[in-house]
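Enquirer: Can you keep this structure in mind? I'll have questions shortly.
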Amino acid sequence: MRLLVPTNWDPALIEPLSRLEAGVDLYGVLSTSLIGTGGSSPEDVHTAKEQAEEYIRAARAAGLRFDYLLNAPSMSNMEWDKSTHRALLEHLDWICSIGVDSVTVTIPYLVELIKRQFPQLKIRISTIAHVHNVARARFFESLGADSINLDFHVNRDFKTLKGITDAVKREIILLANNLCLYQCPYEYYHHDGLGHASQSYNPVEGSYVDYCTMRCTLDRLSDMSQNMKCRWIRPEDMHLYEEMGIEMFKISGRSMPTERILRAATAYSSRHYDGNLHDILNALSPKTGFISAGPPGARTHTVAPPPELYIDNRALDGFIDFFLKQDCLSACGHCDYCRKAAEETIRFDPGEVDEYTARLTEALTSLSDSSVFRAETGDGRCGR
Ligand code: SF4
Ligand code: SF4
């Protein structure tokens, strides 16, 4: 078993990860880059290229492999622009020159380009490519992918997982500690927004609004069963996937603090965790206001982190068994398994949750009635 572990570029991650029983590949990306990334980067961490080069050298010297993210869902057609295309090739030259082992890619055209011109790089397909069935997995295999991160929505769909692992010869990777909503309706919009915000040629210079994270956090706190429907995999249940031949598990959370990344990696490496499952999941903190990729913290107003939930991991022994036969895609309208499990295993402070959801609702209202834009421009109008 191997783990794909996020880096927030803290050197303090390297030594403890190199000592884990599971082999580790680190993955990461600069907060702004040519192709960009569809995930959240660490707040206020602006690693320079030279620092990244030194970091990757140190990680490899410690026995860790490094995967560089090139996984924005689109490049706004800039890949067809001659000068941006030249910059794209230079960017890939730089990635090769600093000893990166593999890249994670969403855009099929980039898979073909890298395969042809940069064959020394292994190619992993991103979860953002939404590989959730046999046909799509085979398609990326035939394009030349070396491994495929599956869409995390299939994590508890054992019939589909079996079909994919039987049909495809490439390495399959599952995202283990994700706290995203099951069938999140904001997902495509979110990855798209993050992708464009992290691209160096973006015309609004990385500015965006964290609408999606505010919205999904509100949904999860307003209906606790959503926290159980999320497709996380408990460390204790990894053997079910290993028995299908899946040997690589990805931990999400490049924006998590070092301590939390290490806690999650250690739990998954040992296939066991006592205590609060929520502590090893990737719970994002929504930000209100306008976010800028410019100077650290500029124009960003972070709401306090969401209230801590306590999800008793030991009480979840056997929780996964129901999913071995359940077809969640068709049955969720008349199934209350996750609601009952939430009632039995999640503890929280209702007053704290109410106060937090009220603040999120207020921030979201200021977006839907456009008042936040009037406040931002100070002209009393909202552009209509
Ligand atoms: S659940 Fe939240 S963080 Fe995950 S994809 Fe949806 S909006 Fe984004
Ligand atoms: S179908 Fe049942 S088990 Fe599956 S996500 Fe919905 S409530 Fe949970």
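Every chain in the structure tokens takes a letter, A first, then B, and so on in the order presented; its residues are numbered from 1, and the ligands are numbered from 1 following the presented order.
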Given only C-alpha atoms and all ligand atoms, how would the per-residue table for chain A near ligand 1 read, listing every residue at most 6 Å away with its closest atom pair and distance in Å to one decimal, sorted by chain and number, as CSV?
Expert:
```
residue,atom,partner,partner_atom_place_in_ligand_line,distance
A:Cys180,CA,ligand 1,1 (S),3.5
A:Leu181,CA,ligand 1,1 (S),4.3
A:Cys184,CA,ligand 1,6 (Fe),4.7
A:Tyr186,CA,ligand 1,7 (S),4.7
A:Glu187,CA,ligand 1,5 (S),3.8
A:His190,CA,ligand 1,8 (Fe),5.2
A:Cys212,CA,ligand 1,7 (S),4.3
A:Thr213,CA,ligand 1,2 (Fe),4.7
A:Cys216,CA,ligand 1,2 (Fe),4.6
```
Enquirer: Give the residues close to ligand 2, within 9 Å, counting only C-alpha atoms and all ligand atoms; write them as a PDB file with C-alpha atoms, in the first residue's frame.
Expert:
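Output contents, as saved in selection14.pdb:
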```pdb
ATOM      1  CA  ARG A 156     -18.661   3.118  -1.834  1.00  0.00           C
ATOM      2  CA  TYR A 182     -21.949  13.137  -1.957  1.00  0.00           C
ATOM      3  CA  SER A 225     -26.426  13.107   7.529  1.00  0.00           C
ATOM      4  CA  GLN A 226     -24.431  14.779   4.718  1.00  0.00           C
ATOM      5  CA  MET A 228     -22.012  10.388   6.611  1.00  0.00           C
ATOM      6  CA  LYS A 229     -23.006  10.373   2.939  1.00  0.00           C
ATOM      7  CA  CYS A 230     -19.600  11.862   2.036  1.00  0.00           C
ATOM      8  CA  ARG A 231     -17.474   9.126   0.477  1.00  0.00           C
ATOM      9  CA  PHE A 322     -24.306  -1.702   4.221  1.00  0.00           C
ATOM     10  CA  PHE A 323     -22.678  -0.203   1.125  1.00  0.00           C
ATOM     11  CA  GLN A 326     -26.503  -0.670  -1.557  1.00  0.00           C
ATOM     12  CA  ASP A 327     -26.988   1.282  -4.797  1.00  0.00           C
ATOM     13  CA  CYS A 328     -26.849   4.838  -3.411  1.00  0.00           C
ATOM     14  CA  LEU A 329     -27.318   6.438  -6.829  1.00  0.00           C
ATOM     15  CA  SER A 330     -30.851   5.124  -7.141  1.00  0.00           C
ATOM     16  CA  ALA A 331     -31.873   4.558  -3.494  1.00  0.00           C
ATOM     17  CA  CYS A 332     -31.019   7.779  -1.659  1.00  0.00           C
ATOM     18  CA  GLY A 333     -34.572   9.131  -1.868  1.00  0.00           C
ATOM     19  CA  HIS A 334     -35.968   6.475   0.461  1.00  0.00           C
ATOM     20  CA  CYS A 335     -33.004   5.361   2.579  1.00  0.00           C
ATOM     21  CA  ASP A 336     -32.285   6.751   6.041  1.00  0.00           C
ATOM     22  CA  TYR A 337     -29.129   4.768   6.802  1.00  0.00           C
ATOM     23  CA  CYS A 338     -26.864   7.843   6.852  1.00  0.00           C
ATOM     24  CA  ARG A 339     -29.321   9.919   8.901  1.00  0.00           C
ATOM     25  CA  LYS A 340     -29.497   7.233  11.583  1.00  0.00           C
ATOM     26  CA  ALA A 341     -25.710   6.772  11.567  1.00  0.00           C
TER      27      ALA A 341
END
```
Enquirer: With only C-alpha atoms as the counted atoms, please give the residues lying no more than 9 Å from A:Thr84, apart from itself and same-chain residues fewer than 5 positions off, as a ChimeraX atom specification.
Expert: /A:34,78-79,89,201
Enquirer: For A:Val168, please output as JSON, numbers by chain all residues within 9 Å (counting only C-alpha atoms; exclusion window: fewer than 5 positions along the same chain).
Expert: {"A": [134, 137, 138, 141, 163]}
Enquirer: Could you check which of A:Asn282, A:Thr361, A:Asn155, A:Thr127 is closest to A:Arg254, using only C-alpha atoms?
Expert: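 Distance minimum relative to A:Arg254 lands on A:Asn282.
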Enquirer: For stretch 356-360 of chain A, please output as a PyMOL selection string all residues within 12 Å (counting only C-alpha atoms; exclusion window: fewer than 3 positions along the same chain).
Expert: chain A and resi 210-223+285-289+302-308+349-353+363-367
Enquirer: Write the selection just made, keeping N, CA and C atoms, as a short mmCIF file (atom, residue, chain, number, x, y, z; two decimals), in the first residue's frame?
Expert:
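Listing of result-v1.cif after writing:
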```cif
data_model
loop_
_atom_site.label_atom_id
_atom_site.label_comp_id
_atom_site.auth_asym_id
_atom_site.auth_seq_id
_atom_site.Cartn_x
_atom_site.Cartn_y
_atom_site.Cartn_z
N ASP A 210 -15.36 32.59 -2.56
CA ASP A 210 -15.42 31.19 -2.10
C ASP A 210 -16.87 30.73 -1.90
N TYR A 211 -17.71 31.07 -2.85
CA TYR A 211 -19.14 30.74 -2.77
C TYR A 211 -19.36 29.24 -2.51
N CYS A 212 -18.64 28.40 -3.29
CA CYS A 212 -18.91 26.95 -3.24
C CYS A 212 -18.62 26.38 -1.86
N THR A 213 -17.50 26.77 -1.25
CA THR A 213 -17.16 26.21 0.06
C THR A 213 -18.12 26.72 1.14
N MET A 214 -18.53 27.99 1.01
CA MET A 214 -19.54 28.50 1.97
C MET A 214 -20.81 27.68 1.85
N ARG A 215 -21.23 27.44 0.63
CA ARG A 215 -22.50 26.76 0.36
C ARG A 215 -22.46 25.30 0.85
N CYS A 216 -21.35 24.57 0.54
CA CYS A 216 -21.32 23.15 0.94
C CYS A 216 -21.14 23.00 2.44
N THR A 217 -20.43 23.96 3.06
CA THR A 217 -20.27 23.90 4.52
C THR A 217 -21.63 24.12 5.19
N LEU A 218 -22.39 25.06 4.64
CA LEU A 218 -23.73 25.30 5.18
C LEU A 218 -24.61 24.05 5.03
N ASP A 219 -24.52 23.41 3.88
CA ASP A 219 -25.33 22.19 3.64
C ASP A 219 -24.95 21.08 4.62
N ARG A 220 -23.64 20.92 4.86
CA ARG A 220 -23.19 19.84 5.76
C ARG A 220 -23.60 20.10 7.21
N LEU A 221 -23.57 21.39 7.61
CA LEU A 221 -23.91 21.69 9.00
C LEU A 221 -25.42 21.74 9.22
N SER A 222 -26.18 22.00 8.18
CA SER A 222 -27.64 22.07 8.31
C SER A 222 -28.26 20.68 8.29
N ASP A 223 -27.56 19.70 7.75
CA ASP A 223 -28.08 18.34 7.67
C ASP A 223 -26.91 17.39 7.94
N SER A 285 -12.17 25.40 5.40
CA SER A 285 -12.72 26.58 6.08
C SER A 285 -13.14 27.59 5.04
N PRO A 286 -14.43 27.90 4.93
CA PRO A 286 -14.84 28.87 3.91
C PRO A 286 -14.35 30.27 4.22
N LYS A 287 -14.12 31.03 3.16
CA LYS A 287 -13.71 32.42 3.34
C LYS A 287 -14.82 33.30 2.77
N THR A 288 -15.05 34.40 3.43
CA THR A 288 -16.05 35.32 2.89
C THR A 288 -15.32 36.49 2.23
N GLY A 289 -16.05 37.26 1.44
CA GLY A 289 -15.44 38.40 0.76
C GLY A 289 -14.71 37.97 -0.47
N THR A 302 -11.61 35.71 6.35
CA THR A 302 -11.88 34.33 6.67
C THR A 302 -12.88 34.26 7.81
N VAL A 303 -13.92 33.45 7.61
CA VAL A 303 -14.82 33.21 8.74
C VAL A 303 -14.05 32.30 9.66
N ALA A 304 -14.34 32.35 10.96
CA ALA A 304 -13.67 31.42 11.87
C ALA A 304 -13.87 30.00 11.34
N PRO A 305 -12.93 29.08 11.60
CA PRO A 305 -13.11 27.72 11.09
C PRO A 305 -14.45 27.16 11.54
N PRO A 306 -15.04 26.27 10.74
CA PRO A 306 -16.35 25.71 11.10
C PRO A 306 -16.30 25.01 12.45
N PRO A 307 -17.43 24.91 13.14
CA PRO A 307 -17.45 24.22 14.43
C PRO A 307 -16.92 22.80 14.28
N GLU A 308 -16.18 22.36 15.27
CA GLU A 308 -15.65 21.00 15.23
C GLU A 308 -16.77 20.00 15.46
N ASP A 349 -21.90 20.98 19.13
CA ASP A 349 -22.53 21.98 19.99
C ASP A 349 -23.59 22.71 19.14
N PRO A 350 -24.90 22.46 19.39
CA PRO A 350 -25.93 23.04 18.51
C PRO A 350 -25.89 24.57 18.47
N GLY A 351 -25.57 25.21 19.61
CA GLY A 351 -25.52 26.68 19.65
C GLY A 351 -24.44 27.20 18.73
N GLU A 352 -23.27 26.56 18.79
CA GLU A 352 -22.14 26.98 17.96
C GLU A 352 -22.47 26.78 16.48
N VAL A 353 -23.11 25.66 16.17
CA VAL A 353 -23.47 25.37 14.76
C VAL A 353 -24.49 26.40 14.27
N ALA A 363 -23.55 35.78 4.76
CA ALA A 363 -22.54 36.01 3.71
C ALA A 363 -23.08 35.58 2.34
N LEU A 364 -23.79 34.46 2.30
CA LEU A 364 -24.33 33.98 1.02
C LEU A 364 -25.44 34.91 0.52
N THR A 365 -26.22 35.45 1.45
CA THR A 365 -27.28 36.39 1.06
C THR A 365 -26.67 37.64 0.43
N SER A 366 -25.53 38.06 0.99
CA SER A 366 -24.89 39.28 0.44
C SER A 366 -24.38 39.04 -0.98
N LEU A 367 -24.20 37.76 -1.35
CA LEU A 367 -23.83 37.45 -2.74
C LEU A 367 -25.06 37.38 -3.63
#
```
